[in-house]
Amino acid sequence: MPPPLVTGISPREGCPGIKITIRGEHLGIEEKDFIGLKICGDDCRATAAWISPNKIIAYSGNGQGKGDVVVITKSGGIGSCSVGFYGRVEQAGQFQEVAVWVEEDSVALFGLNASKTPAFLPGTGDTLSGSTTDSS
């Protein structure tokens with residue numbers, strides 16, 4: 001089988017953890033054939049889901065700058081990429097507003113607190129819900 005070829009990604013840039021749709025050719029005969037994925041040099045196989053020989057869904061890693069999206073299969077080996085992904089990091093400064101949308105899939109994937117119970121502030125008995133109970 002020919003090596004995998006990534007011909008399209010959407011979106012083409014984003015912050016770490018963004019959901020990416022990867023399209024191409026020979027991305028694996030079946031799910032077991034798909035064994036590796038690198039996005040901007042970061043190993044992203046653990047967050048990837050093989051959909052079809054032409055489509056993979058994954059979450060980007062911490063790679064910064066422009067880089068390739070490379071698929072690895074048992075049948076075709078290490079693939080190539082005709083498009084690039086630009087990994088960027090949003091940093092909020094004192095006077096800079098940053099808005100990053102966190103998808104529900106990312107919340108479960110990265111173990112963020114998705115429950116409706118209030119979070120506790122470290123080192124206090126206080127919650128973010130405004131409770132002022134005294135633990136003494």
# chains A, B, ... in the order shown; residues from 1 in each chain; ligands from 1

$ residues_around --residues "A:Gly84" --least-positions-apart "2" --cutoff "9 Å" --atoms "only C-alpha atoms" --output "list of chain:residue names"
A:Gly8, A:Ile9, A:Arg12, A:Glu13, A:Ile39, A:Cys40, A:Lys66, A:Gly67, A:Asp68, A:Val69, A:Cys81, A:Ser82, A:Tyr86

$ residues_around --residues "A:Asn54" --least-positions-apart "5" --cutoff "12 Å" --atoms "only C-alpha atoms" --output "PyMOL selection string"
chain A and resi 4-9+21-31+34+71
